[in-house]
file protein.cif (mmCIF, C-alpha atoms)
data_data
#
loop_
_atom_site.label_atom_id
_atom_site.label_comp_id
_atom_site.auth_asym_id
_atom_site.auth_seq_id
_atom_site.Cartn_x
_atom_site.Cartn_y
_atom_site.Cartn_z
CA MET J 1 -72.67 49.71 -133.16
CA LEU J 2 -76.12 50.55 -131.76
CA GLU J 3 -77.15 46.92 -131.40
CA GLU J 4 -73.92 46.16 -129.53
CA LEU J 5 -74.55 49.07 -127.17
CA TYR J 6 -78.07 47.88 -126.40
CA LYS J 7 -76.65 44.43 -125.72
CA LYS J 8 -74.17 45.99 -123.29
CA ALA J 9 -76.98 48.00 -121.66
CA ASN J 10 -78.93 44.79 -121.02
CA GLU J 11 -75.85 43.16 -119.53
CA ILE J 12 -75.37 46.13 -117.20
CA GLU J 13 -78.95 45.99 -115.98
CA ASN J 14 -78.70 42.25 -115.32
CA VAL J 15 -75.89 42.78 -112.78
CA THR J 16 -76.91 46.21 -111.49
CA LYS J 17 -76.34 47.26 -107.88
CA SER J 18 -79.05 49.93 -108.04
CA PRO J 19 -81.65 49.41 -105.27
CA ARG J 20 -84.37 50.72 -107.60
CA LEU J 21 -83.55 48.26 -110.39
CA ILE J 22 -83.02 45.34 -108.00
CA LYS J 23 -86.52 45.94 -106.60
CA LEU J 24 -87.96 45.93 -110.13
CA HIS J 25 -86.23 42.64 -110.87
CA GLU J 26 -87.62 41.10 -107.70
CA GLU J 27 -91.06 42.02 -109.03
CA GLY J 28 -90.30 40.35 -112.36
CA LYS J 29 -89.92 43.67 -114.17
CA TYR J 30 -87.21 45.51 -116.13
CA CYS J 31 -86.47 49.18 -116.56
CA PRO J 32 -87.01 50.60 -120.08
CA ILE J 33 -83.69 51.71 -121.58
CA SER J 34 -82.95 54.30 -124.23
CA LEU J 35 -79.59 55.12 -125.75
CA GLY J 36 -78.67 58.34 -127.49
CA THR J 37 -80.13 59.73 -130.71
CA PHE J 38 -77.39 60.73 -133.14
CA TYR J 39 -75.77 60.02 -136.50
CA GLN J 40 -72.72 57.85 -135.97
CA GLU J 41 -70.80 59.07 -139.04
CA THR J 42 -71.57 62.80 -138.99
CA THR J 43 -72.36 63.95 -135.43
CA LYS J 44 -69.95 66.66 -134.21
CA TYR J 45 -71.99 68.15 -131.35
CA MET J 46 -73.49 65.94 -128.63
CA PHE J 47 -75.86 67.20 -125.94
CA VAL J 48 -75.67 65.16 -122.71
CA SER J 49 -78.55 65.62 -120.28
CA LEU J 50 -80.11 63.94 -117.24
CA ASN J 51 -82.16 60.74 -117.33
CA PRO J 52 -84.81 60.25 -120.02
CA GLY J 53 -88.48 60.63 -119.16
CA TYR J 54 -90.51 58.18 -117.14
CA GLU J 55 -92.12 55.07 -118.57
CA GLU J 56 -93.80 52.13 -116.87
CA PRO J 57 -91.47 49.17 -116.21
CA GLU J 58 -91.46 46.37 -118.75
CA THR J 59 -92.42 42.78 -117.97
CA ALA J 60 -89.65 41.45 -120.23
CA GLN J 61 -86.26 42.80 -121.16
CA MET J 62 -86.24 44.21 -124.68
CA THR J 63 -83.77 42.52 -127.03
CA PRO J 64 -81.08 44.68 -128.70
CA GLN J 65 -82.79 44.11 -132.04
CA GLU J 66 -86.15 45.31 -130.68
CA ALA J 67 -84.51 48.35 -129.08
CA VAL J 68 -82.77 49.34 -132.32
CA ALA J 69 -86.04 48.95 -134.25
CA LYS J 70 -87.75 51.36 -131.82
CA SER J 71 -84.95 53.94 -131.82
CA LYS J 72 -85.45 57.21 -133.69
CA SER J 73 -83.12 59.34 -135.76
CA LEU J 74 -82.55 62.85 -134.43
CA LYS J 75 -84.72 64.26 -137.21
CA GLU J 76 -87.58 61.99 -136.11
CA TYR J 77 -86.92 62.82 -132.45
CA LEU J 78 -87.19 66.55 -133.09
CA SER J 79 -90.30 66.27 -135.25
CA VAL J 80 -92.22 63.75 -133.12
CA TYR J 81 -91.55 64.91 -129.55
CA LYS J 82 -93.07 68.14 -128.28
CA PHE J 83 -91.59 68.23 -124.78
CA SER J 84 -89.50 71.22 -123.71
CA TYR J 85 -86.06 69.67 -124.22
CA ALA J 86 -86.73 68.68 -127.85
CA GLN J 87 -88.31 72.03 -128.71
CA LYS J 88 -85.39 74.01 -127.31
CA LEU J 89 -82.82 71.77 -128.98
CA ASN J 90 -84.70 72.37 -132.23
CA LYS J 91 -84.35 76.14 -131.80
CA ILE J 92 -80.61 75.88 -131.12
CA ILE J 93 -80.14 73.77 -134.26
CA LYS J 94 -82.12 76.24 -136.39
CA SER J 95 -80.04 79.13 -135.05
CA PHE J 96 -76.84 77.17 -135.81
CA ALA J 97 -78.07 76.52 -139.36
CA ASN J 98 -78.87 80.19 -139.90
CA GLU J 99 -75.45 81.29 -138.61
CA LYS J 100 -73.65 78.75 -140.83
CA GLY J 101 -75.82 79.46 -143.85
CA ILE J 102 -76.77 75.80 -144.32
CA THR J 103 -80.11 73.98 -144.23
CA VAL J 104 -81.69 72.65 -141.04
CA ASP J 105 -81.59 69.11 -142.48
CA GLU J 106 -77.83 69.45 -143.05
CA THR J 107 -77.39 70.80 -139.52
CA ILE J 108 -79.36 68.02 -137.85
CA LEU J 109 -76.79 65.55 -139.19
CA LEU J 110 -74.15 67.35 -137.11
CA PHE J 111 -76.02 67.04 -133.80
CA GLY J 112 -76.96 64.32 -131.34
CA THR J 113 -78.37 63.96 -127.85
CA THR J 114 -77.93 61.37 -125.12
CA ASP J 115 -78.34 61.02 -121.34
CA CYS J 116 -75.95 60.35 -118.48
CA SER J 117 -78.07 57.25 -117.71
CA PHE J 118 -79.91 55.10 -120.24
CA PHE J 119 -82.37 53.87 -117.57
CA HIS J 120 -85.74 55.62 -117.63
CA SER J 121 -86.85 57.27 -114.40
CA LYS J 122 -89.39 59.76 -113.04
CA THR J 123 -87.07 62.40 -111.61
CA ALA J 124 -83.35 61.75 -111.29
CA TYR J 125 -82.88 63.29 -107.87
CA GLU J 126 -85.84 61.41 -106.37
CA LEU J 127 -83.90 58.19 -106.96
CA GLU J 128 -81.25 59.18 -104.40
CA GLU J 129 -78.50 56.54 -104.21
CA SER J 130 -79.94 54.58 -107.14
CA PHE J 131 -79.42 57.51 -109.49
CA TYR J 132 -75.70 57.79 -108.75
CA ILE J 133 -75.19 54.04 -109.03
CA GLU J 134 -77.03 53.92 -112.35
CA VAL J 135 -75.02 56.84 -113.76
CA LYS J 136 -71.78 55.12 -112.79
CA GLU J 137 -72.91 51.81 -114.28
CA CYS J 138 -73.94 53.51 -117.53
CA LEU J 139 -70.60 55.27 -117.97
CA PRO J 140 -69.00 52.67 -120.33
CA VAL J 141 -71.91 52.92 -122.76
CA LEU J 142 -71.94 56.72 -122.64
CA LEU J 143 -68.20 56.76 -123.29
CA ALA J 144 -68.74 54.58 -126.36
CA GLU J 145 -71.39 57.02 -127.58
CA LEU J 146 -68.98 59.91 -127.07
CA SER J 147 -66.23 58.06 -128.96
CA ILE J 148 -67.92 58.15 -132.37
CA ARG J 149 -65.49 59.19 -135.07
CA ASN J 150 -66.29 62.85 -135.78
CA LEU J 151 -67.57 64.07 -132.41
CA ASP J 152 -65.58 67.09 -131.24
CA THR J 153 -67.95 69.05 -128.95
CA ILE J 154 -69.85 67.79 -125.90
CA ILE J 155 -72.51 70.01 -124.31
CA PHE J 156 -73.63 69.05 -120.80
CA SER J 157 -77.18 70.30 -120.34
CA GLY J 158 -78.08 70.34 -116.66
CA VAL J 159 -75.73 67.54 -115.66
CA PRO J 160 -74.00 68.37 -112.34
CA GLN J 161 -70.66 69.53 -113.65
CA LEU J 162 -68.20 68.32 -111.06
CA TYR J 163 -69.96 65.02 -110.38
CA PHE J 164 -70.06 64.02 -114.01
CA PHE J 165 -67.14 65.77 -115.64
CA TYR J 166 -64.59 64.31 -113.22
CA ASN J 167 -65.66 60.82 -114.27
CA LEU J 168 -64.82 61.58 -117.89
CA TYR J 169 -61.80 63.85 -117.50
CA LYS J 170 -58.38 62.23 -118.05
CA PRO J 171 -56.26 63.12 -114.98
CA GLY J 172 -53.31 65.32 -115.82
CA SER J 173 -54.74 66.65 -119.07
CA SER J 174 -54.54 70.37 -119.71
CA ILE J 175 -57.79 72.31 -119.63
CA ILE J 176 -57.93 75.34 -121.89
CA LYS J 177 -60.66 77.78 -120.90
CA TYR J 178 -62.67 79.40 -123.67
CA GLY J 179 -64.20 82.84 -123.78
CA VAL J 180 -67.87 82.67 -124.72
CA ASN J 181 -69.65 85.56 -126.38
CA SER J 182 -72.97 85.81 -124.56
CA PRO J 183 -74.82 88.93 -125.68
CA VAL J 184 -78.08 87.86 -124.05
CA GLY J 185 -78.77 88.28 -120.32
CA LYS J 186 -76.52 89.15 -117.39
CA HIS J 187 -74.75 85.77 -117.17
CA ASP J 188 -73.18 83.41 -119.66
CA LYS J 189 -75.58 80.67 -120.66
CA LEU J 190 -72.68 78.60 -121.94
CA ILE J 191 -69.21 78.04 -120.48
CA ALA J 192 -66.63 76.01 -122.35
CA CYS J 193 -63.13 74.56 -122.35
CA ASN J 194 -60.98 72.16 -124.33
CA THR J 195 -59.57 69.05 -122.68
CA THR J 196 -58.91 65.31 -122.99
CA LEU J 197 -61.25 62.61 -121.68
CA ILE J 198 -60.51 59.08 -120.47
CA ASN J 199 -60.94 57.70 -124.01
CA ASP J 200 -57.81 59.73 -124.97
CA ARG J 201 -59.87 62.01 -127.22
CA THR J 202 -59.71 65.80 -126.98
CA TYR J 203 -62.97 67.73 -127.14
CA ASP J 204 -64.50 71.12 -126.66
CA VAL J 205 -66.57 70.60 -123.50
CA CYS J 206 -69.44 72.98 -122.72
CA PHE J 207 -71.76 73.36 -119.75
CA MET J 208 -75.16 75.05 -119.80
CA PRO J 209 -78.36 75.13 -117.71
CA HIS J 210 -80.78 72.30 -118.46
CA LEU J 211 -82.83 72.87 -121.59
CA SER J 212 -85.86 71.59 -119.68
CA GLY J 213 -85.31 74.03 -116.80
CA THR J 214 -88.60 75.04 -115.19
CA TRP J 215 -87.44 78.68 -115.05
CA GLY J 216 -87.68 78.80 -118.84
CA TRP J 217 -85.52 79.95 -121.71
CA LYS J 218 -85.92 82.99 -123.91
CA ASP J 219 -85.73 82.40 -127.66
CA ALA J 220 -82.94 84.98 -127.89
CA GLU J 221 -80.86 82.96 -125.40
CA LEU J 222 -81.32 79.76 -127.41
CA ASP J 223 -80.43 81.66 -130.60
CA SER J 224 -77.28 82.93 -128.88
CA ILE J 225 -76.18 79.40 -127.98
CA GLY J 226 -76.74 78.16 -131.53
CA GLN J 227 -74.74 81.08 -132.89
CA GLN J 228 -71.91 80.52 -130.41
CA LEU J 229 -71.62 76.83 -131.29
CA ALA J 230 -71.53 77.76 -134.97
CA LYS J 231 -68.84 80.42 -134.48
CA GLY J 232 -66.61 78.42 -132.13
CA PHE J 233 -64.81 79.71 -129.06
CA ILE J 234 -61.99 82.08 -128.13
CA GLN J 235 -59.10 80.50 -126.23
CA GLN J 236 -58.36 82.30 -122.95
CA SER J 237 -56.11 80.51 -120.48
CA ASN J 238 -55.22 77.30 -118.70
CA LEU J 239 -57.75 76.30 -116.06
CA VAL J 240 -56.49 74.81 -112.78
CA LEU J 241 -58.60 71.87 -111.61
CA ASP J 242 -59.45 71.42 -107.93
CA ASN J 243 -59.46 67.65 -107.48
CA SER J 244 -60.86 67.94 -103.95
CA ASN J 245 -64.29 68.06 -105.59
CA VAL J 246 -64.08 64.54 -107.02
CA ILE J 247 -67.15 62.59 -105.91
CA ILE J 248 -66.62 59.09 -107.34
#
call {"tool": "encode", "arguments": {"input": "protein.cif", "output": "structure tokens"}}
result
Amino acid sequence: MLEELYKKANEIENVTKSPRLIKLHEEGKYCPISLGTFYQETTKYMFVSLNPGYEEPETAQMTPQEAVAKSKSLKEYLSVYKFSYAQKLNKIIKSFANEKGITVDETILLFGTTDCSFFHSKTAYELEESFYIEVKECLPVLLAELSIRNLDTIIFSGVPQLYFFYNLYKPGSSIIKYGVNSPVGKHDKLIACNTTLINDRTYDVCFMPHLSGTWGWKDAELDSIGQQLAKGFIQQSNLVLDNSNVII
């Protein structure tokens, strides 16, 4: 599956309409790409965040085989990378493991992480129009990542909710709002619902501030999120969607 997705990612870049990527191609360069890090047979919880970190453009497009060889398992990702996002995801997973009474290694197999665009960039919002084009072009690959067999919970970390969620939501599907127990802080750090996406799969869908947020996270807040994911959610009521907010 992963090799096929990298092949599709290359095909998307080759016909991109993104001004940023077109300029790179005119210079004889390609944008580094990176798909999600997850276990295809066991992942139940997928974190979806903004673009991956910046890397210098490549002089040649990486083959799918080369890309797969360079990809890391989530266990490797969490142990090798020391940036804020990976560290905070690690803490959530450890809290989940403690709440469930299982090992961290067992828990890691249940989690994955991916981005709303597989094209590397400096800062998403500095890309202006290019960012939105690239996100739209990457949608088929992301949807394939979210369609793995056992995935049942998607956690959007920092992704603009209305912009992105409306591209995945299946029109006409019911949206069941969940109550979230949030004992830490004045505001919920996690909001959640249950609904159907355009791949005709029903998921618990959660939204939370970005794990790399510059304002910082307290360990107790990360522990609370891990505990909440482990416990599940309390069904509250149907949520009425305002389709006037659809962007693309």
call {"tool": "residues_near_point", "arguments": {"input": "protein.cif", "point": "(-79.0, 48.4, -125.9)", "cutoff": "9 Å", "atoms": "only C-alpha atoms", "output": "list in words"}}
result
Leu2, Glu3, Glu4, Leu5, Tyr6, Lys7, Lys8, Ala9, Asn10, Glu11, Ile33, Ser34, Leu35, Met62, Thr63, Pro64, Gln65, Ala67, Val68, Phe118 and Val141 of chain J
call {"tool": "resolve_selection", "arguments": {"input": "protein.cif", "expression": "the PyMOL selection byres ((chain J and resi 112) around 12)", "output": "MDAnalysis selection string"}}
result
chainID J and resid 35:49 72:78 86 89:90 93 107:111 113:115 145:146 148 150:155
call {"tool": "write_last_selection", "arguments": {"input": "protein.cif", "atoms": "C-alpha atoms", "output": "mmCIF file, keeping the file's coordinate frame"}}
result
data_model
loop_
_atom_site.group_PDB
_atom_site.id
_atom_site.type_symbol
_atom_site.label_atom_id
_atom_site.label_comp_id
_atom_site.auth_asym_id
_atom_site.auth_seq_id
_atom_site.Cartn_x
_atom_site.Cartn_y
_atom_site.Cartn_z
ATOM 1 C CA LEU J 35 -79.590 55.120 -125.750
ATOM 2 C CA GLY J 36 -78.670 58.340 -127.490
ATOM 3 C CA THR J 37 -80.130 59.730 -130.710
ATOM 4 C CA PHE J 38 -77.390 60.730 -133.140
ATOM 5 C CA TYR J 39 -75.770 60.020 -136.500
ATOM 6 C CA GLN J 40 -72.720 57.850 -135.970
ATOM 7 C CA GLU J 41 -70.800 59.070 -139.040
ATOM 8 C CA THR J 42 -71.570 62.800 -138.990
ATOM 9 C CA THR J 43 -72.360 63.950 -135.430
ATOM 10 C CA LYS J 44 -69.950 66.660 -134.210
ATOM 11 C CA TYR J 45 -71.990 68.150 -131.350
ATOM 12 C CA MET J 46 -73.490 65.940 -128.630
ATOM 13 C CA PHE J 47 -75.860 67.200 -125.940
ATOM 14 C CA VAL J 48 -75.670 65.160 -122.710
ATOM 15 C CA SER J 49 -78.550 65.620 -120.280
ATOM 16 C CA LYS J 72 -85.450 57.210 -133.690
ATOM 17 C CA SER J 73 -83.120 59.340 -135.760
ATOM 18 C CA LEU J 74 -82.550 62.850 -134.430
ATOM 19 C CA LYS J 75 -84.720 64.260 -137.210
ATOM 20 C CA GLU J 76 -87.580 61.990 -136.110
ATOM 21 C CA TYR J 77 -86.920 62.820 -132.450
ATOM 22 C CA LEU J 78 -87.190 66.550 -133.090
ATOM 23 C CA ALA J 86 -86.730 68.680 -127.850
ATOM 24 C CA LEU J 89 -82.820 71.770 -128.980
ATOM 25 C CA ASN J 90 -84.700 72.370 -132.230
ATOM 26 C CA ILE J 93 -80.140 73.770 -134.260
ATOM 27 C CA THR J 107 -77.390 70.800 -139.520
ATOM 28 C CA ILE J 108 -79.360 68.020 -137.850
ATOM 29 C CA LEU J 109 -76.790 65.550 -139.190
ATOM 30 C CA LEU J 110 -74.150 67.350 -137.110
ATOM 31 C CA PHE J 111 -76.020 67.040 -133.800
ATOM 32 C CA THR J 113 -78.370 63.960 -127.850
ATOM 33 C CA THR J 114 -77.930 61.370 -125.120
ATOM 34 C CA ASP J 115 -78.340 61.020 -121.340
ATOM 35 C CA GLU J 145 -71.390 57.020 -127.580
ATOM 36 C CA LEU J 146 -68.980 59.910 -127.070
ATOM 37 C CA ILE J 148 -67.920 58.150 -132.370
ATOM 38 C CA ASN J 150 -66.290 62.850 -135.780
ATOM 39 C CA LEU J 151 -67.570 64.070 -132.410
ATOM 40 C CA ASP J 152 -65.580 67.090 -131.240
ATOM 41 C CA THR J 153 -67.950 69.050 -128.950
ATOM 42 C CA ILE J 154 -69.850 67.790 -125.900
ATOM 43 C CA ILE J 155 -72.510 70.010 -124.310
#
call {"tool": "resolve_selection", "arguments": {"input": "protein.cif", "expression": "the PyMOL selection byres ((chain J and resi 50) around 8)", "output": "compact mmCIF listing (two decimals) with C-alpha atoms, keeping the file's coordinate frame"}}
result
# COMPACT_ATOMS: atom_id res chain seq x y z
CA VAL J 48 -75.67 65.16 -122.71
CA SER J 49 -78.55 65.62 -120.28
CA ASN J 51 -82.16 60.74 -117.33
CA PRO J 52 -84.81 60.25 -120.02
CA ASP J 115 -78.34 61.02 -121.34
CA CYS J 116 -75.95 60.35 -118.48
CA SER J 117 -78.07 57.25 -117.71
CA ALA J 124 -83.35 61.75 -111.29
CA SER J 157 -77.18 70.30 -120.34
CA GLY J 158 -78.08 70.34 -116.66
CA VAL J 159 -75.73 67.54 -115.66
call {"tool": "closest_residue", "arguments": {"input": "protein.cif", "among": "J:Ala69, J:Ile198, J:Ile225, J:Ala230", "to": "Ser147 in chain J", "atoms": "all atoms listed in the file"}}
result
J:Ile198
call {"tool": "resolve_selection", "arguments": {"input": "protein.cif", "expression": "the PyMOL selection byres ((chain J and resi 131) around 10)", "output": "ChimeraX atom specification"}}
result
/J:18-20,51,117,119,121,123-130,132-137
call {"tool": "atom_distance", "arguments": {"input": "protein.cif", "atom1": "CA of Asn98 in chain J", "atom2": "CA of Ser79 in chain J"}}
result
18.6 Å
call {"tool": "atom_distance", "arguments": {"input": "protein.cif", "atom1": "CA of Ser212 in chain J", "atom2": "CA of Gln87 in chain J"}}
result
9.4 Å
call {"tool": "atom_distance", "arguments": {"input": "protein.cif", "atom1": "CA of Val180 in chain J", "atom2": "CA of Trp217 in chain J"}}
result
18.1 Å
